[in-house]
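Please read the structure below before turning to the comments.
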Amino acid sequence: MTADTATTLVRLRPIVHASPLPTGIHVRGWSSSFTVEGGAGLWNLWRVLERRLVDGVPGHQLVPLARRPEVARAAELIITQLRAHDMLVEVPAGWGESDPDLAAWLESVAPDPATALGRLRAATVRVAGPDTLLESACRTLAAAGVTVLVADGPAGMLHAVAGERAVAARCDEETGFVVPVGAAGDVCRTAAAVAARLGLAPDPSPAAAPYALAALVGAAAAHRLVSAVAGLEDPGRLDAVLTAGGPPPDDYPAVLVARLDPLSASYHPWLPAADRAASPVGTIDDALRGLDALTDPDLGAVPTPVLGDLPQLPACLARAGAALGVGVSADAARLAAALAAAERTLGAGVSVGVNERHARGAALRRRARAVAPAGEPVADAGWDRSPIARRWWKTLTLRLGVDARIDVRRLPGGAACAVVTEEDAELAWAIEATAADAVAFALLGAAGVVQARRAGVAAVPGLLTGAAPAWRPAGGDTTPWTDDAWYWPADVGDAEDRLQATLADVALGPLRPVPVGAAPELVRSLAAVGFHALGFDAVGFDGFGPA
C-alpha cells in the first residue's frame with residue numbers, strides 16, 4: 001500500500017513515552033532512549049509536540065511554527081532525536097481505521113506499517129495441532145488480520161504454514177517451545193531435535209498440556225509467523241537486541257522455551273540450526289560469548305560449566321558434566337571445562353579450541369607427546385627464574401603440600417615438554433615454546449587436579465596451552481606495579497605460530513576437521529560459534545566417525 005506525499009502523515013510510535021526532568025525531558029522507545037536538557041519549559045513543548053504527533057502531521061509540518069527562535073530550535077532538536085531513535089513512523093492518512101488495535105501494534109513495531117498490513121491481509125495460514133495450541137494460534141492469527149484455515153498436520157505438534165514459511169511448536173505437562181520460522185520440513189525436524197534436547201516424550205498426549213502453558217506457546221508460535229509474513233524482526237532477535245543493549249555481535253537462531261512452574265518464557269540459542277559462517281573468535285570476550293550460546297542451560301550442546309562448590313583458590317575450577325576445567329580465572333576455567341566436555345563427546349584424539357589456531361595447537365601438542373622421542377632433560381635453571389613458574393611451584397609444593405616432581409625435556413625443534421608427577425603418578429603436562437611456560441602450565445594444571453581431588457572430584461582436566469586467547473586490559477598498563485607476569489598467560493601466544501610449525505614436523509600425520517557425522521549437533525554447534533574440532537587420522541588415531 002503506497003500513498004503519495006500529500007496523504008502521508010508522520011506519527012509518534014505508540015510505544016514511545018516521555019517523563020519530565022527538572023531541566024528537560026527523558027524520552028523512551030522500545031529499545032532506546034534519549035534526554036534533552038535546556039529548561040523546565042521543554043516539558044510543555046513536548047506535550048504540544050506529542051499531541052500533534054499522536055494525530056499525525058505532514059512531514060513538512062513536523063516542526064511547529066514558533067515566535068521565539070529558541071523554541072523552534074528546541075522543537076527541531078526533539079524531532080531530530082525522535083527520528084534518530086526510530087520513534088517516528090510514516091503512515092497514509094486514515095489508514096487502519098477498520099482495525100485500530102492492529103494498526104497501533106504495527107505502528108509500534110513495523111518500519112512500514114501500511115505495507116506490513118497489506119502483507120498480513122493477503123496471507124493465508126494453514127494451521128494444524130492439538131486443541132488448545134490450535135485455538136490459541138488461530139485466535140492470534142485472526143487478530144493479525146490473516147486468513148486462517150484449519151488443516152491436517154504432524155501428530156501432537158502445532159504446525160502453521162504461510163506460503164514458503166512455517167513454524168512448529170510443542171507442549172507437554174511442564175514445558176513447551178516454539179522453533180524459529182523456516183521451511184515446512186525444516187521446522188518439523190528442528191522441533192523433533194529440540195523436543196529430544198528438552199526431554200519431551202516422543203509421542204506427547206495432547207490432553208496433557210495445561211491450558212495456560214498451551215495458550216502461551218500457541219500464541220507465541222503465531223506471533224513468530226505473523227512477524228515473518230509482515231516483514232518484521234523475529235521476536236527472538238528482538239529479545240537478543242534488548243538483552244545485549246543493541247544489535248548482538250553474533251546472531252543465532254532462537255527457540256522460545258516456556259515453563260509452567262512458574263509460568264515463564266525466554267529465548268535460547270539453537271545452534272544446530274545456524275546456517276552461516278561464524279565470526280572469527282579472536283579474543284577471550286569473543287570466546288565467552290560463544291561459550292554462553294554453546295552451553296545454554298536449556299538447549300546447549302555442551303553441559304553448562306559451573307563453579308559449584310569447587311575451590312577457587314589458588315587455581316580456579318569449573319565442571320561441565322564429568323569434565324574439569326582449570327584456569328587462572330573463573331572464565332578461563334569455565335571455557336576449559338566446556339572444551340574438555342566437547343572433547344569427551346567427540347572421542348579420543350579430538351582437540352577442540354575456540355578457533356582453528358587453538359584447536360591445532362592442542363592437537364599438535366597431544367600428538368607430539370605421543371610420538372616424539374624423549375629429549376634431553378632441561379636443567380632447573382631453564383625455568384626457575386620465571387616468576388610465574390616459581391609461583392605455581394610454590395603453590396603446589398608449599399601451599400598445597402604436594403611432594404611433586406617436575407621432568408622437563410627438550411623436544412625435537414626446541415619446544416619444551418614438562419610433566420608434573422606425585423609418587424610416580426602423573427598430575428599434568430604441558431608443551432610450550434619455552435621451558436618456563438611449559439612448567440607454569442603443567443603446575444597450574446597439577447594444582448587444579450589436586451584441588452579437585454581434595455574436593456572429592458576425580459577428573460582429568462583439559463589440556464592447558466598458550467594457544468588459547470587470554471585476557472589482557474585494553475591499551476597500555478595503567479598501574480606502576482604490573483608487568484608481563486601480571487597478565488600471564490596473555491603473552492604466551494606470541495610464540496604460538498612458531499611453536500606449531502615446529503610441532504608439525506614432529507607430529508607425523510595430517511590434521512583434519514572432525515566430520516559432522518561424528519556428532520552432528522555438537523559439530524554444527526561448535527562451528528556456529530566459531531569453535532573448531534581437529535584431530536589426526538594417522539597411526540593410532542580413531543577419533544573420527546563416518547563423514
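Letters A, B, ... mark the chains of the C-alpha cells in the order given; residue numbers begin at 1 per chain; ligand numbers begin at 1, in order shown.
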
Quiz prompt | Residue neighbourhood segment 452-460 of chain A, 9 Å, only C-alpha atoms, exclusion window fewer than 2 positions, as a list in words | solution = Asp309, Leu310, Pro311, Leu317, Ala322, Ala323, Leu324, Gly325, Leu427, Ala428, Ala447, Gly448, Val449, Val450 and Gly462 of chain A

Practice problem: Please return as JSON, numbers by chain: the residues of segment 389-437 of chain A that backbone DSSP assigns to strand (DSSP E or B). | Solution: {"A": [404, 405, 406, 407, 408, 409, 410, 416, 417, 418, 419, 420, 421, 422, 425, 426, 427, 428, 429, 430, 431, 432]}

Restrict the selected residues to N, CA and C atoms and save them as a PDB file, in the first residue's frame.
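Contents of part10.pdb, as written:
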ATOM      1  N   ALA A 404      55.813 -32.995  44.861  1.00  0.00           N
ATOM      2  CA  ALA A 404      55.772 -33.085  43.404  1.00  0.00           C
ATOM      3  C   ALA A 404      57.166 -33.135  42.806  1.00  0.00           C
ATOM      4  N   ARG A 405      57.228 -33.693  41.600  1.00  0.00           N
ATOM      5  CA  ARG A 405      58.454 -33.741  40.808  1.00  0.00           C
ATOM      6  C   ARG A 405      58.143 -33.182  39.425  1.00  0.00           C
ATOM      7  N   ILE A 406      59.139 -32.473  38.855  1.00  0.00           N
ATOM      8  CA  ILE A 406      58.964 -31.922  37.509  1.00  0.00           C
ATOM      9  C   ILE A 406      60.036 -32.495  36.605  1.00  0.00           C
ATOM     10  N   ASP A 407      59.591 -33.056  35.487  1.00  0.00           N
ATOM     11  CA  ASP A 407      60.522 -33.546  34.467  1.00  0.00           C
ATOM     12  C   ASP A 407      60.324 -32.690  33.221  1.00  0.00           C
ATOM     13  N   VAL A 408      61.356 -31.933  32.857  1.00  0.00           N
ATOM     14  CA  VAL A 408      61.285 -31.051  31.692  1.00  0.00           C
ATOM     15  C   VAL A 408      62.281 -31.544  30.657  1.00  0.00           C
ATOM     16  N   ARG A 409      61.770 -31.797  29.428  1.00  0.00           N
ATOM     17  CA  ARG A 409      62.639 -32.303  28.366  1.00  0.00           C
ATOM     18  C   ARG A 409      62.444 -31.484  27.107  1.00  0.00           C
ATOM     19  N   ARG A 410      63.522 -31.417  26.337  1.00  0.00           N
ATOM     20  CA  ARG A 410      63.528 -30.656  25.087  1.00  0.00           C
ATOM     21  C   ARG A 410      63.073 -31.573  23.953  1.00  0.00           C
ATOM     22  N   ALA A 416      59.611 -27.351  24.636  1.00  0.00           N
ATOM     23  CA  ALA A 416      59.835 -27.979  25.936  1.00  0.00           C
ATOM     24  C   ALA A 416      58.568 -28.688  26.387  1.00  0.00           C
ATOM     25  N   CYS A 417      58.741 -29.902  26.943  1.00  0.00           N
ATOM     26  CA  CYS A 417      57.633 -30.687  27.491  1.00  0.00           C
ATOM     27  C   CYS A 417      57.866 -30.847  28.990  1.00  0.00           C
ATOM     28  N   ALA A 418      56.906 -30.399  29.803  1.00  0.00           N
ATOM     29  CA  ALA A 418      57.006 -30.508  31.255  1.00  0.00           C
ATOM     30  C   ALA A 418      55.941 -31.466  31.766  1.00  0.00           C
ATOM     31  N   VAL A 419      56.343 -32.374  32.636  1.00  0.00           N
ATOM     32  CA  VAL A 419      55.429 -33.350  33.231  1.00  0.00           C
ATOM     33  C   VAL A 419      55.561 -33.248  34.745  1.00  0.00           C
ATOM     34  N   VAL A 420      54.439 -33.081  35.432  1.00  0.00           N
ATOM     35  CA  VAL A 420      54.418 -32.988  36.888  1.00  0.00           C
ATOM     36  C   VAL A 420      53.867 -34.286  37.445  1.00  0.00           C
ATOM     37  N   THR A 421      54.593 -34.894  38.373  1.00  0.00           N
ATOM     38  CA  THR A 421      54.181 -36.167  38.968  1.00  0.00           C
ATOM     39  C   THR A 421      54.190 -36.067  40.485  1.00  0.00           C
ATOM     40  N   GLU A 422      53.439 -36.979  41.107  1.00  0.00           N
ATOM     41  CA  GLU A 422      53.438 -37.149  42.556  1.00  0.00           C
ATOM     42  C   GLU A 422      53.484 -38.646  42.828  1.00  0.00           C
ATOM     43  N   ALA A 425      52.887 -40.849  39.922  1.00  0.00           N
ATOM     44  CA  ALA A 425      51.593 -40.703  39.255  1.00  0.00           C
ATOM     45  C   ALA A 425      51.543 -39.331  38.585  1.00  0.00           C
ATOM     46  N   GLU A 426      51.232 -39.312  37.304  1.00  0.00           N
ATOM     47  CA  GLU A 426      51.211 -38.048  36.571  1.00  0.00           C
ATOM     48  C   GLU A 426      50.029 -37.197  36.987  1.00  0.00           C
ATOM     49  N   LEU A 427      50.298 -35.921  37.258  1.00  0.00           N
ATOM     50  CA  LEU A 427      49.247 -34.971  37.590  1.00  0.00           C
ATOM     51  C   LEU A 427      48.849 -34.120  36.390  1.00  0.00           C
ATOM     52  N   ALA A 428      49.834 -33.635  35.647  1.00  0.00           N
ATOM     53  CA  ALA A 428      49.538 -32.783  34.489  1.00  0.00           C
ATOM     54  C   ALA A 428      50.793 -32.654  33.640  1.00  0.00           C
ATOM     55  N   TRP A 429      50.609 -32.212  32.382  1.00  0.00           N
ATOM     56  CA  TRP A 429      51.746 -31.980  31.497  1.00  0.00           C
ATOM     57  C   TRP A 429      51.415 -30.802  30.577  1.00  0.00           C
ATOM     58  N   ALA A 430      52.440 -30.282  29.951  1.00  0.00           N
ATOM     59  CA  ALA A 430      52.255 -29.162  29.018  1.00  0.00           C
ATOM     60  C   ALA A 430      53.442 -29.109  28.071  1.00  0.00           C
ATOM     61  N   ILE A 431      53.195 -28.603  26.882  1.00  0.00           N
ATOM     62  CA  ILE A 431      54.249 -28.361  25.892  1.00  0.00           C
ATOM     63  C   ILE A 431      54.126 -26.916  25.434  1.00  0.00           C
ATOM     64  N   GLU A 432      55.228 -26.172  25.553  1.00  0.00           N
ATOM     65  CA  GLU A 432      55.256 -24.778  25.129  1.00  0.00           C
ATOM     66  C   GLU A 432      56.595 -24.469  24.480  1.00  0.00           C
TER      67      GLU A 432
END

Quiz item: Leaving out Leu82 of chain A and any residue of its chain fewer than 2 positions from it, which residues lie within 10 Å of it when counting only C-alpha atoms, given as an MDAnalysis selection string?
Solution: chainID A and resid 12:13 16 27:29 33:34 76:80 84:89

Residues from last step as file, C-alpha atoms, as a PDB file, in the first residue's frame:
ATOM      1  CA  LEU A  12       4.770   9.131  17.095  1.00  0.00           C
ATOM      2  CA  ARG A  13       5.037   5.404  17.609  1.00  0.00           C
ATOM      3  CA  VAL A  16       7.078   5.995  22.896  1.00  0.00           C
ATOM      4  CA  VAL A  27      12.008  10.027  26.070  1.00  0.00           C
ATOM      5  CA  ARG A  28      11.854   6.212  25.872  1.00  0.00           C
ATOM      6  CA  GLY A  29      11.166   3.855  22.971  1.00  0.00           C
ATOM      7  CA  SER A  33      16.016   6.441  24.881  1.00  0.00           C
ATOM      8  CA  PHE A  34      17.332   9.990  24.883  1.00  0.00           C
ATOM      9  CA  GLU A  76      13.712  20.792  15.866  1.00  0.00           C
ATOM     10  CA  LEU A  77      16.204  19.126  18.236  1.00  0.00           C
ATOM     11  CA  ILE A  78      13.493  16.907  19.739  1.00  0.00           C
ATOM     12  CA  ILE A  79      12.191  15.921  16.287  1.00  0.00           C
ATOM     13  CA  THR A  80      15.746  15.109  15.147  1.00  0.00           C
ATOM     14  CA  ALA A  84      17.426   9.147  15.095  1.00  0.00           C
ATOM     15  CA  HIS A  85      15.935   6.718  17.636  1.00  0.00           C
ATOM     16  CA  ASP A  86      13.272   5.366  15.233  1.00  0.00           C
ATOM     17  CA  MET A  87      10.415   6.794  17.305  1.00  0.00           C
ATOM     18  CA  LEU A  88       8.543   8.307  14.341  1.00  0.00           C
ATOM     19  CA  VAL A  89       6.706   6.388  11.631  1.00  0.00           C
TER      20      VAL A  89
END

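Residues in contact with Leu141 of chain A at up to 8 Å, not including ones fewer than 6 positions away on its chain and judged by only C-alpha atoms, are Thr147, Val148, Ala222, His223 and Val226 of chain A.
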
Store the residues picked out above, limited to N, CA and C atoms, as a PDB file, in the first residue's frame.
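Output contents, as saved in part.pdb:
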ATOM      1  N   THR A 147      -5.905 -14.705   6.901  1.00  0.00           N
ATOM      2  CA  THR A 147      -6.931 -15.724   6.693  1.00  0.00           C
ATOM      3  C   THR A 147      -6.433 -17.043   7.265  1.00  0.00           C
ATOM      4  N   VAL A 148      -7.227 -17.680   8.118  1.00  0.00           N
ATOM      5  CA  VAL A 148      -6.814 -18.893   8.817  1.00  0.00           C
ATOM      6  C   VAL A 148      -7.622 -20.076   8.305  1.00  0.00           C
ATOM      7  N   ALA A 222       2.237 -18.266  16.740  1.00  0.00           N
ATOM      8  CA  ALA A 222       1.554 -17.412  15.765  1.00  0.00           C
ATOM      9  C   ALA A 222       2.254 -16.064  15.628  1.00  0.00           C
ATOM     10  N   HIS A 223       2.734 -15.514  16.737  1.00  0.00           N
ATOM     11  CA  HIS A 223       3.444 -14.230  16.708  1.00  0.00           C
ATOM     12  C   HIS A 223       4.683 -14.321  15.823  1.00  0.00           C
ATOM     13  N   VAL A 226       3.488 -14.478  12.159  1.00  0.00           N
ATOM     14  CA  VAL A 226       2.954 -13.182  11.739  1.00  0.00           C
ATOM     15  C   VAL A 226       4.088 -12.197  11.481  1.00  0.00           C
TER      16      VAL A 226
END

Exercise. Just the residues within 12 Å of Val302 of chain A, please, counting only C-alpha atoms, with nothing from its chain fewer than 3 positions along; format it as a PyMOL selection string.
Key: chain A and resi 197+271+290-299+305-306+319-323+334-335+337-346+519+521-526

Using N, CA and C atoms, can you write the selected residues to a file as a compact mmCIF listing (two decimals), in the first residue's frame?
# COMPACT_ATOMS: atom_id res chain seq x y z
N ARG A 197 16.13 -32.65 23.02
CA ARG A 197 17.06 -31.96 23.89
C ARG A 197 16.38 -31.56 25.21
N LEU A 271 21.86 -23.70 18.20
CA LEU A 271 23.00 -23.61 17.29
C LEU A 271 22.96 -24.60 16.13
N GLY A 290 30.59 -17.00 22.61
CA GLY A 290 30.29 -18.29 22.01
C GLY A 290 30.05 -19.36 23.06
N LEU A 291 30.80 -19.30 24.14
CA LEU A 291 30.63 -20.28 25.22
C LEU A 291 29.23 -20.21 25.80
N ASP A 292 28.70 -19.02 26.03
CA ASP A 292 27.36 -18.89 26.60
C ASP A 292 26.31 -19.53 25.70
N ALA A 293 26.45 -19.36 24.37
CA ALA A 293 25.50 -19.98 23.45
C ALA A 293 25.69 -21.49 23.40
N LEU A 294 26.94 -21.94 23.38
CA LEU A 294 27.24 -23.37 23.26
C LEU A 294 26.78 -24.15 24.49
N THR A 295 26.79 -23.51 25.66
CA THR A 295 26.49 -24.20 26.91
C THR A 295 25.19 -23.70 27.53
N ASP A 296 24.27 -23.21 26.69
CA ASP A 296 22.99 -22.73 27.21
C ASP A 296 22.35 -23.79 28.10
N PRO A 297 21.85 -23.42 29.28
CA PRO A 297 21.32 -24.43 30.21
C PRO A 297 20.18 -25.25 29.65
N ASP A 298 19.37 -24.68 28.74
CA ASP A 298 18.24 -25.42 28.20
C ASP A 298 18.56 -26.15 26.90
N LEU A 299 19.28 -25.50 26.00
CA LEU A 299 19.45 -26.06 24.65
C LEU A 299 20.90 -26.21 24.23
N PRO A 305 29.07 -25.19 32.12
CA PRO A 305 30.14 -25.23 33.12
C PRO A 305 29.75 -24.42 34.35
N VAL A 306 29.94 -25.00 35.51
CA VAL A 306 29.57 -24.34 36.76
C VAL A 306 30.74 -24.41 37.73
N ARG A 319 33.27 -27.26 36.44
CA ARG A 319 32.87 -28.58 35.92
C ARG A 319 31.81 -28.41 34.85
N ALA A 320 31.95 -29.19 33.78
CA ALA A 320 30.92 -29.28 32.74
C ALA A 320 30.60 -30.76 32.58
N GLY A 321 29.55 -31.20 33.23
CA GLY A 321 29.29 -32.63 33.28
C GLY A 321 30.39 -33.32 34.06
N ALA A 322 31.04 -34.31 33.41
CA ALA A 322 32.13 -35.03 34.05
C ALA A 322 33.49 -34.43 33.74
N ALA A 323 33.52 -33.32 33.00
CA ALA A 323 34.79 -32.71 32.60
C ALA A 323 35.18 -31.61 33.58
N ARG A 334 35.83 -21.98 33.19
CA ARG A 334 34.57 -22.36 32.53
C ARG A 334 34.81 -22.76 31.08
N LEU A 335 35.63 -21.97 30.38
CA LEU A 335 35.92 -22.25 28.99
C LEU A 335 36.66 -23.57 28.85
N ALA A 337 36.58 -26.13 30.88
CA ALA A 337 35.69 -27.24 31.20
C ALA A 337 34.78 -27.57 30.02
N ALA A 338 34.24 -26.54 29.36
CA ALA A 338 33.35 -26.78 28.23
C ALA A 338 34.09 -27.44 27.07
N LEU A 339 35.30 -26.98 26.78
CA LEU A 339 36.08 -27.59 25.70
C LEU A 339 36.43 -29.04 26.03
N ALA A 340 36.77 -29.31 27.29
CA ALA A 340 37.06 -30.70 27.70
C ALA A 340 35.83 -31.57 27.57
N ALA A 341 34.65 -31.03 27.90
CA ALA A 341 33.41 -31.81 27.76
C ALA A 341 33.12 -32.12 26.30
N ALA A 342 33.36 -31.14 25.40
CA ALA A 342 33.16 -31.39 23.97
C ALA A 342 34.12 -32.46 23.47
N GLU A 343 35.37 -32.43 23.93
CA GLU A 343 36.34 -33.44 23.52
C GLU A 343 35.94 -34.82 23.99
N ARG A 344 35.38 -34.93 25.19
CA ARG A 344 34.92 -36.23 25.68
C ARG A 344 33.81 -36.78 24.79
N THR A 345 32.93 -35.90 24.31
CA THR A 345 31.83 -36.34 23.46
C THR A 345 32.34 -36.79 22.09
N LEU A 346 33.30 -36.07 21.53
CA LEU A 346 33.80 -36.38 20.20
C LEU A 346 34.74 -37.57 20.18
N ALA A 519 29.33 -36.35 15.50
CA ALA A 519 28.34 -35.93 16.50
C ALA A 519 27.65 -34.71 15.90
N GLU A 521 24.96 -32.64 16.01
CA GLU A 521 24.53 -31.41 16.68
C GLU A 521 25.71 -30.70 17.32
N LEU A 522 26.63 -31.44 17.92
CA LEU A 522 27.77 -30.82 18.59
C LEU A 522 28.71 -30.16 17.57
N VAL A 523 29.03 -30.85 16.48
CA VAL A 523 29.95 -30.29 15.49
C VAL A 523 29.35 -29.04 14.85
N ARG A 524 28.05 -29.07 14.54
CA ARG A 524 27.41 -27.89 13.96
C ARG A 524 27.37 -26.75 14.98
N SER A 525 27.13 -27.09 16.24
CA SER A 525 27.08 -26.05 17.27
C SER A 525 28.44 -25.41 17.47
N LEU A 526 29.50 -26.21 17.47
CA LEU A 526 30.84 -25.66 17.59
C LEU A 526 31.15 -24.70 16.43

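Every protein or nucleic acid residue with an atom no more than 6 Å from Trp383 of chain A, counting only C-alpha atoms and leaving out same-chain residues fewer than 2 positions away, appears here: Asp380, Ala381, Arg385, Ser386, Ala435 and Ala436 of chain A.
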
Taking C-alpha atoms for each residue, export the selection above as an mmCIF file, in the first residue's frame.
data_model
loop_
_atom_site.group_PDB
_atom_site.id
_atom_site.type_symbol
_atom_site.label_atom_id
_atom_site.label_comp_id
_atom_site.auth_asym_id
_atom_site.auth_seq_id
_atom_site.Cartn_x
_atom_site.Cartn_y
_atom_site.Cartn_z
ATOM 1 C CA ASP A 380 66.071 -26.236 36.601
ATOM 2 C CA ALA A 381 67.969 -23.123 35.617
ATOM 3 C CA ARG A 385 63.937 -17.800 37.212
ATOM 4 C CA SER A 386 60.439 -17.345 35.813
ATOM 5 C CA ALA A 435 60.570 -24.365 29.465
ATOM 6 C CA ALA A 436 59.275 -21.687 31.840
#

Self-check item: Distance of atom CA of Pro412 of chain A from atom CA of Ala501 of chain A, expressed in Å to one decimal place
Solution: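 If I compute the distance from atom CA of Ala501 of chain A to atom CA of Pro412 of chain A, I get 11.7 Å.
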
Quiz item: Hey, what does DSSP flag as alpha helix (DSSP H) within segment 265-431 of chain A? Can you give it to me as a PyMOL selection string?
Solution: chain A and resi 284-294+330-346+356-371+387-394

Let me see the file: selected residues, C-alpha atoms, as a tab-separated table (two decimals), in the first residue's frame.
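What follows is the written file again07.tsv:
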chain	number	residue	atom	x	y	z
A	284	ILE	CA	38.62	-14.07	25.15
A	285	ASP	CA	35.45	-11.94	25.09
A	286	ASP	CA	34.50	-13.43	21.70
A	287	ALA	CA	35.14	-16.91	23.09
A	288	LEU	CA	32.99	-16.30	26.16
A	289	ARG	CA	30.06	-15.08	24.02
A	290	GLY	CA	30.29	-18.29	22.01
A	291	LEU	CA	30.63	-20.28	25.22
A	292	ASP	CA	27.36	-18.89	26.60
A	293	ALA	CA	25.50	-19.98	23.45
A	294	LEU	CA	27.24	-23.37	23.26
A	330	ALA	CA	36.75	-18.30	36.63
A	331	ASP	CA	36.01	-17.53	32.95
A	332	ALA	CA	39.14	-19.38	31.83
A	333	ALA	CA	38.12	-22.38	33.95
A	334	ARG	CA	34.57	-22.36	32.53
A	335	LEU	CA	35.92	-22.25	28.99
A	336	ALA	CA	38.41	-25.05	29.66
A	337	ALA	CA	35.69	-27.24	31.20
A	338	ALA	CA	33.35	-26.78	28.23
A	339	LEU	CA	36.08	-27.59	25.70
A	340	ALA	CA	37.06	-30.70	27.70
A	341	ALA	CA	33.41	-31.81	27.76
A	342	ALA	CA	33.16	-31.39	23.97
A	343	GLU	CA	36.34	-33.44	23.52
A	344	ARG	CA	34.92	-36.23	25.68
A	345	THR	CA	31.83	-36.34	23.46
A	346	LEU	CA	33.80	-36.38	20.20
A	356	GLU	CA	41.41	-23.10	14.48
A	357	ARG	CA	44.75	-21.93	15.90
A	358	HIS	CA	43.77	-23.03	19.40
A	359	ALA	CA	42.45	-26.42	18.27
A	360	ARG	CA	45.52	-27.04	16.10
A	361	GLY	CA	47.83	-26.12	18.95
A	362	ALA	CA	46.17	-28.57	21.34
A	363	ALA	CA	46.11	-31.36	18.74
A	364	LEU	CA	49.78	-30.87	17.81
A	365	ARG	CA	50.81	-30.90	21.47
A	366	ARG	CA	48.95	-34.15	22.15
A	367	ARG	CA	50.36	-35.76	19.03
A	368	ALA	CA	53.90	-34.58	19.74
A	369	ARG	CA	53.79	-36.00	23.25
A	370	ALA	CA	52.55	-39.34	21.92
A	371	VAL	CA	55.09	-39.80	19.11
A	387	PRO	CA	58.19	-15.61	38.39
A	388	ILE	CA	55.11	-17.45	37.07
A	389	ALA	CA	56.74	-20.89	37.16
A	390	ARG	CA	58.11	-20.21	40.65
A	391	ARG	CA	54.71	-19.01	41.82
A	392	TRP	CA	52.92	-22.19	40.74
A	393	TRP	CA	55.77	-24.39	42.02
A	394	LYS	CA	55.41	-22.82	45.47

Which residues are close to Ala103 of chain A, i.e. within 9 Å by only C-alpha atoms, leaving aside same-chain residues fewer than 6 positions away? Reply as a compact mmCIF listing (two decimals) with C-alpha atoms, in the first residue's frame.
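Written file, result03.txt:
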# COMPACT_ATOMS: atom_id res chain seq x y z
CA TRP A 95 -5.10 4.12 7.48
CA GLY A 96 -6.01 1.33 9.91
CA GLU A 97 -9.35 2.84 10.99
CA PRO A 113 3.05 -0.29 8.89
CA ALA A 114 0.86 0.07 5.78
CA LEU A 117 -0.76 -4.65 7.00

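Of the residues listed (A:Gly24, A:Gly414, A:Pro14, A:Pro269), A:Gly414 shows the shortest atom-to-atom separation from Arg498 of chain A; distances use only C-alpha atoms.
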
Quiz item: Separation of atom CA of Leu411 of chain A and atom CA of Gly375 of chain A, in Å?
Solution: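 Answer for the atom CA of Leu411 of chain A to atom CA of Gly375 of chain A separation: 5.3 Å.
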